[in-house]
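Student: Compact mmCIF, N, CA and C atoms and all ligand atoms, saved as protein_6.txt, coming up:
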# COMPACT_ATOMS: atom_id res chain seq x y z
N MET T 98 126.32 91.56 108.98
CA MET T 98 125.93 92.45 107.88
C MET T 98 124.94 93.50 108.39
N ALA T 99 125.10 94.70 107.95
CA ALA T 99 124.20 95.77 108.38
C ALA T 99 122.79 95.49 107.89
N LYS T 100 121.84 95.90 108.65
CA LYS T 100 120.45 95.67 108.27
C LYS T 100 120.15 96.48 107.01
N LYS T 101 119.68 95.78 106.03
CA LYS T 101 119.41 96.44 104.76
C LYS T 101 118.15 97.30 104.87
N LYS T 102 118.26 98.47 104.38
CA LYS T 102 117.12 99.37 104.41
C LYS T 102 116.08 98.87 103.39
N ILE T 103 114.85 98.93 103.80
CA ILE T 103 113.81 98.48 102.89
C ILE T 103 113.60 99.58 101.84
N ILE T 104 113.84 99.17 100.62
CA ILE T 104 113.78 100.16 99.55
C ILE T 104 112.38 100.32 98.99
N SER T 105 112.14 101.42 98.38
CA SER T 105 110.83 101.65 97.79
C SER T 105 110.96 101.54 96.28
N LEU T 106 109.85 101.60 95.64
CA LEU T 106 109.87 101.51 94.17
C LEU T 106 109.61 102.89 93.59
N GLU T 107 110.15 103.88 94.22
CA GLU T 107 109.95 105.23 93.73
C GLU T 107 110.54 105.38 92.34
N GLY T 108 109.77 105.94 91.45
CA GLY T 108 110.26 106.12 90.10
C GLY T 108 109.84 105.00 89.18
N ALA T 109 109.12 104.00 89.73
CA ALA T 109 108.62 102.92 88.89
C ALA T 109 107.55 103.46 87.95
N VAL T 110 107.52 102.92 86.76
CA VAL T 110 106.58 103.41 85.75
C VAL T 110 105.66 102.30 85.30
N LYS T 111 104.38 102.63 85.27
CA LYS T 111 103.40 101.65 84.82
C LYS T 111 103.32 101.72 83.29
N THR T 112 103.53 100.59 82.64
CA THR T 112 103.45 100.55 81.18
C THR T 112 102.46 99.46 80.78
N ASP T 113 102.21 99.32 79.49
CA ASP T 113 101.30 98.28 79.01
C ASP T 113 101.83 96.89 79.37
N ALA T 114 103.14 96.76 79.43
CA ALA T 114 103.75 95.47 79.73
C ALA T 114 103.74 95.16 81.22
N GLY T 115 103.40 96.15 82.02
CA GLY T 115 103.40 95.97 83.46
C GLY T 115 104.19 97.09 84.11
N LEU T 116 104.44 96.93 85.38
CA LEU T 116 105.19 97.96 86.07
C LEU T 116 106.68 97.79 85.76
N THR T 117 107.32 98.86 85.35
CA THR T 117 108.76 98.73 85.09
C THR T 117 109.52 99.58 86.08
N TYR T 118 110.62 99.06 86.51
CA TYR T 118 111.47 99.77 87.46
C TYR T 118 112.91 99.59 87.00
N LYS T 119 113.52 100.67 86.67
CA LYS T 119 114.88 100.65 86.15
C LYS T 119 115.03 99.66 84.98
N GLY T 120 114.03 99.66 84.12
CA GLY T 120 114.11 98.82 82.93
C GLY T 120 113.71 97.37 83.15
N VAL T 121 113.31 97.02 84.36
CA VAL T 121 112.92 95.64 84.64
C VAL T 121 111.41 95.59 84.84
N ILE T 122 110.78 94.58 84.23
CA ILE T 122 109.34 94.41 84.43
C ILE T 122 109.12 93.78 85.80
N MET T 123 108.30 94.40 86.58
CA MET T 123 108.03 93.88 87.91
C MET T 123 106.72 93.10 87.91
N ASP T 124 106.77 91.87 88.37
CA ASP T 124 105.54 91.09 88.52
C ASP T 124 104.91 91.46 89.85
N PRO T 125 103.58 91.37 89.91
CA PRO T 125 102.93 91.63 91.21
C PRO T 125 103.38 90.57 92.22
N ILE T 126 103.26 90.87 93.48
CA ILE T 126 103.69 89.93 94.51
C ILE T 126 102.87 88.64 94.47
N ASP T 127 103.45 87.62 95.01
CA ASP T 127 102.79 86.33 95.15
C ASP T 127 101.88 86.39 96.38
N ASP T 128 100.89 85.51 96.43
CA ASP T 128 100.01 85.44 97.61
C ASP T 128 100.83 85.23 98.87
N LYS T 129 101.89 84.48 98.74
CA LYS T 129 102.72 84.16 99.91
C LYS T 129 103.50 85.36 100.41
N CYS T 130 103.57 86.40 99.63
CA CYS T 130 104.26 87.61 100.06
C CYS T 130 103.42 88.45 101.02
N GLU T 131 102.12 88.18 101.05
CA GLU T 131 101.24 88.98 101.90
C GLU T 131 101.77 88.98 103.32
N GLY T 132 101.97 90.16 103.87
CA GLY T 132 102.46 90.26 105.23
C GLY T 132 103.94 90.62 105.29
N CYS T 133 104.61 90.50 104.18
CA CYS T 133 106.04 90.84 104.15
C CYS T 133 106.20 92.36 104.15
N GLU T 134 107.12 92.83 104.94
CA GLU T 134 107.31 94.28 105.05
C GLU T 134 107.90 94.90 103.79
N ARG T 135 108.43 94.08 102.92
CA ARG T 135 109.04 94.64 101.72
C ARG T 135 108.03 94.98 100.63
N VAL T 136 106.84 94.46 100.78
CA VAL T 136 105.83 94.72 99.76
C VAL T 136 105.62 96.23 99.60
N ALA T 137 105.68 96.69 98.37
CA ALA T 137 105.50 98.11 98.10
C ALA T 137 104.27 98.28 97.21
N GLU T 138 103.44 99.23 97.55
CA GLU T 138 102.26 99.47 96.73
C GLU T 138 102.54 100.56 95.72
N VAL T 139 102.29 100.25 94.48
CA VAL T 139 102.49 101.23 93.42
C VAL T 139 101.24 101.22 92.55
N GLU T 140 100.60 102.35 92.45
CA GLU T 140 99.42 102.50 91.60
C GLU T 140 98.40 101.39 91.80
N GLY T 141 98.14 101.08 93.04
CA GLY T 141 97.10 100.09 93.33
C GLY T 141 97.56 98.66 93.25
N GLY T 142 98.77 98.43 92.74
CA GLY T 142 99.29 97.07 92.68
C GLY T 142 100.32 96.88 93.77
N LYS T 143 100.61 95.64 94.07
CA LYS T 143 101.63 95.37 95.09
C LYS T 143 102.82 94.68 94.45
N TYR T 144 103.99 95.20 94.75
CA TYR T 144 105.21 94.70 94.13
C TYR T 144 106.30 94.53 95.17
N CYS T 145 107.30 93.77 94.78
CA CYS T 145 108.42 93.55 95.68
C CYS T 145 109.65 94.28 95.15
N PRO T 146 110.20 95.19 95.92
CA PRO T 146 111.39 95.91 95.46
C PRO T 146 112.64 95.02 95.45
N THR T 147 112.56 93.89 96.09
CA THR T 147 113.72 93.00 96.18
C THR T 147 113.76 92.00 95.03
N TYR T 148 112.60 91.49 94.66
CA TYR T 148 112.54 90.54 93.56
C TYR T 148 111.51 90.97 92.54
N ALA T 149 111.92 90.99 91.28
CA ALA T 149 111.00 91.38 90.22
C ALA T 149 109.92 90.32 90.02
N GLN T 150 110.27 89.07 90.35
CA GLN T 150 109.32 87.98 90.15
C GLN T 150 109.15 87.18 91.44
N PRO T 151 108.36 87.69 92.35
CA PRO T 151 108.19 87.04 93.65
C PRO T 151 107.71 85.59 93.54
N THR T 152 106.87 85.31 92.58
CA THR T 152 106.35 83.94 92.46
C THR T 152 107.47 82.96 92.17
N THR T 153 108.40 83.37 91.33
CA THR T 153 109.55 82.53 91.01
C THR T 153 110.39 82.30 92.27
N LYS T 154 110.50 83.34 93.05
CA LYS T 154 111.26 83.27 94.29
C LYS T 154 110.66 82.22 95.23
N TRP T 155 109.37 82.23 95.37
CA TRP T 155 108.70 81.30 96.26
C TRP T 155 108.62 79.90 95.69
N ALA T 156 108.71 79.78 94.38
CA ALA T 156 108.63 78.45 93.76
C ALA T 156 109.78 77.56 94.22
N LYS T 157 110.87 78.17 94.63
CA LYS T 157 112.04 77.40 95.06
C LYS T 157 112.04 77.14 96.56
N GLY T 158 111.00 77.57 97.23
CA GLY T 158 110.94 77.41 98.68
C GLY T 158 110.58 78.75 99.27
N ILE T 159 110.90 78.90 100.52
CA ILE T 159 110.53 80.14 101.19
C ILE T 159 111.46 81.27 100.74
N CYS T 160 110.90 82.44 100.62
CA CYS T 160 111.70 83.59 100.20
C CYS T 160 112.67 83.96 101.33
N ASN T 161 113.94 84.01 101.01
CA ASN T 161 114.93 84.29 102.06
C ASN T 161 114.95 85.75 102.49
N PHE T 162 114.21 86.58 101.81
CA PHE T 162 114.13 87.98 102.22
C PHE T 162 112.81 88.30 102.88
N ALA T 163 111.96 87.31 103.02
CA ALA T 163 110.65 87.55 103.62
C ALA T 163 110.82 88.01 105.07
N THR T 164 110.05 89.01 105.45
CA THR T 164 110.14 89.50 106.82
C THR T 164 109.06 88.86 107.68
N HIS T 165 108.12 88.15 107.06
CA HIS T 165 106.97 87.61 107.79
C HIS T 165 107.04 86.09 107.93
N ALA T 166 108.02 85.46 107.33
CA ALA T 166 108.10 84.00 107.39
C ALA T 166 109.56 83.61 107.42
N ARG T 167 109.81 82.51 108.07
CA ARG T 167 111.19 82.03 108.17
C ARG T 167 111.20 80.56 107.78
N ALA T 168 112.21 80.20 107.07
CA ALA T 168 112.33 78.80 106.69
C ALA T 168 112.90 78.02 107.86
N GLY T 169 112.33 76.87 108.08
CA GLY T 169 112.89 75.98 109.08
C GLY T 169 113.59 74.86 108.31
N VAL T 170 114.60 74.31 108.88
CA VAL T 170 115.29 73.22 108.19
C VAL T 170 115.09 71.95 109.01
N ASP T 171 114.55 70.92 108.39
CA ASP T 171 114.30 69.69 109.15
C ASP T 171 115.56 68.84 109.22
N LYS T 172 115.45 67.70 109.87
CA LYS T 172 116.66 66.88 110.09
C LYS T 172 117.29 66.38 108.80
N GLY T 173 116.47 66.24 107.79
CA GLY T 173 116.99 65.77 106.51
C GLY T 173 117.66 66.89 105.72
N GLY T 174 117.65 68.08 106.29
CA GLY T 174 118.27 69.20 105.59
C GLY T 174 117.36 69.87 104.59
N LYS T 175 116.10 69.44 104.60
CA LYS T 175 115.15 70.05 103.67
C LYS T 175 114.53 71.29 104.29
N VAL T 176 114.34 72.28 103.46
CA VAL T 176 113.71 73.50 103.95
C VAL T 176 112.21 73.27 104.04
N LYS T 177 111.68 73.59 105.20
CA LYS T 177 110.23 73.43 105.39
C LYS T 177 109.55 74.78 105.47
N VAL T 178 108.46 74.88 104.76
CA VAL T 178 107.65 76.08 104.86
C VAL T 178 106.73 75.84 106.05
N ASN T 179 106.38 76.88 106.78
CA ASN T 179 105.55 76.62 107.95
C ASN T 179 104.23 76.00 107.55
N PRO T 180 103.62 75.20 108.41
CA PRO T 180 102.46 74.38 108.05
C PRO T 180 101.29 75.16 107.46
N LEU T 181 101.05 76.34 107.95
CA LEU T 181 99.94 77.11 107.42
C LEU T 181 100.16 77.42 105.94
N LYS T 182 101.36 77.87 105.64
CA LYS T 182 101.68 78.20 104.25
C LYS T 182 101.60 76.95 103.37
N ALA T 183 102.11 75.86 103.90
CA ALA T 183 102.13 74.63 103.12
C ALA T 183 100.71 74.18 102.79
N SER T 184 99.81 74.29 103.77
CA SER T 184 98.46 73.83 103.50
C SER T 184 97.75 74.77 102.52
N LYS T 185 98.07 76.05 102.63
CA LYS T 185 97.48 77.00 101.69
C LYS T 185 97.93 76.68 100.28
N ARG T 186 99.21 76.36 100.17
CA ARG T 186 99.75 76.08 98.86
C ARG T 186 99.15 74.81 98.30
N ALA T 187 98.97 73.81 99.16
CA ALA T 187 98.38 72.56 98.72
C ALA T 187 96.96 72.81 98.21
N ALA T 188 96.25 73.72 98.90
CA ALA T 188 94.88 74.02 98.52
C ALA T 188 94.84 74.68 97.14
N ARG T 189 95.91 75.34 96.81
CA ARG T 189 95.94 76.00 95.50
C ARG T 189 96.49 75.08 94.42
N GLY T 190 96.80 73.87 94.81
CA GLY T 190 97.23 72.88 93.83
C GLY T 190 98.67 73.03 93.36
N ARG T 191 99.53 73.54 94.22
CA ARG T 191 100.92 73.65 93.81
C ARG T 191 101.80 72.68 94.59
S1 LIG T 201 110.96 89.92 99.92
FE1 LIG T 201 110.17 87.90 99.33
S2 LIG T 201 108.33 87.64 100.56
FE2 LIG T 201 108.86 89.79 100.63
S3 LIG T 201 107.64 90.70 99.00
FE3 LIG T 201 109.64 90.19 98.16
S4 LIG T 201 109.44 88.17 97.26
FE4 LIG T 201 107.72 88.52 98.63
What would you get if you wrote out this structure as structure tokens?
Tutor:
Amino acid sequence: MAKKKIISLEGAVKTDAGLTYKGVIMDPIDDKCEGCERVAEVEGGKYCPTYAQPTTKWAKGICNFATHARAGVDKGGKVKVNPLKASKRAARGR
């Protein structure tokens, strides 16, 4: 597959409900997104042009579009988040 161009959030509009882009409310990025090349800054906030709800994306495991982290798969077939991320997450009580 061709390398997908990293898109911007040009044309996103800040409203009372949050940042909207093409009619979708964009949630700010999750802490785990820090370092990902896809993060786009709009009006002082950081958003993901790939996922409107980055936190939901990470809740299921590692984000498969993250440019700064890669999921490893252990022998049991479980996806492992790298140890640093896992300990950070544990510290935040998740
Ligand atoms: S692609 Fe994934 S890791 Fe990167 S900013 Fe979006 S949700 Fe976060």
Student: Could you state the separation of CA of Thr117 in chain T and atom S4 of ligand LIG 201 (chain T) in Å, given to one decimal place?
Tutor: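 These atoms are spaced 16.1 Å apart.
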Student: Wanna dump the chain T-ligand LIG 201 (chain T) contacts at 7 Å for me, each residue with its shortest atom pair and the distance in Å to one decimal, counting only N, CA and C atoms and all ligand atoms, ordered by chain and number, as a Markdown table?
Tutor:
| residue | atom | partner | partner_atom | distance |
| --- | --- | --- | --- | --- |
| T:Ile126 | CA | T:LIG201 | FE4 | 5.9 |
| T:Asp127 | N | T:LIG201 | FE4 | 5.7 |
| T:Lys129 | C | T:LIG201 | S2 | 5.3 |
| T:Cys130 | CA | T:LIG201 | FE4 | 3.9 |
| T:Glu131 | N | T:LIG201 | FE4 | 6.1 |
| T:Gly132 | C | T:LIG201 | FE2 | 6.8 |
| T:Cys133 | CA | T:LIG201 | FE2 | 4.6 |
| T:Glu134 | N | T:LIG201 | FE2 | 5.6 |
| T:Arg135 | C | T:LIG201 | S3 | 4.6 |
| T:Val136 | N | T:LIG201 | S3 | 4.2 |
| T:Ala137 | N | T:LIG201 | S3 | 6.3 |
| T:Tyr144 | C | T:LIG201 | S3 | 5.6 |
| T:Cys145 | CA | T:LIG201 | FE3 | 4.4 |
| T:Pro146 | N | T:LIG201 | FE3 | 5.5 |
| T:Thr147 | N | T:LIG201 | FE3 | 5.1 |
| T:Tyr148 | N | T:LIG201 | FE3 | 4.8 |
| T:Gln150 | C | T:LIG201 | S4 | 5.9 |
| T:Pro151 | CA | T:LIG201 | S4 | 4.0 |
| T:Thr152 | N | T:LIG201 | S4 | 6.1 |
| T:Lys154 | CA | T:LIG201 | S4 | 6.0 |
| T:Trp155 | N | T:LIG201 | S4 | 6.2 |
| T:Ile159 | C | T:LIG201 | FE1 | 6.9 |
| T:Cys160 | CA | T:LIG201 | FE1 | 4.7 |
| T:Asn161 | N | T:LIG201 | FE1 | 5.7 |
| T:Phe162 | C | T:LIG201 | S1 | 3.8 |
| T:Ala163 | CA | T:LIG201 | S2 | 3.8 |
| T:Thr164 | N | T:LIG201 | FE2 | 5.0 |
| T:His165 | N | T:LIG201 | S2 | 6.5 |
Student: For the atom pair CA of Leu116 in chain T and atom N of Ala156 in chain T, what is the interatomic distance in Å to one decimal place?
Tutor: 20.3 Å
Student: From the options T:Ala166, T:Asp128, T:Lys157, T:Val139, which residue's atoms come nearest to Gly115 in chain T, counting only C-alpha atoms?
Tutor: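 Of T:Ala166, T:Asp128, T:Lys157, T:Val139, the one nearest Gly115 in chain T is T:Val139, counting only C-alpha atoms.
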Student: What gap, in Å, lies between atom N of Val121 in chain T and CA of Gly141 in chain T?
Tutor: 18.8 Å
Student: What's the 12 Å shell around Thr112 in chain T, counting only C-alpha atoms, without same-chain residues fewer than 6 positions away, as an MDAnalysis selection string?
Tutor: chainID T and resid 118 120:123 140
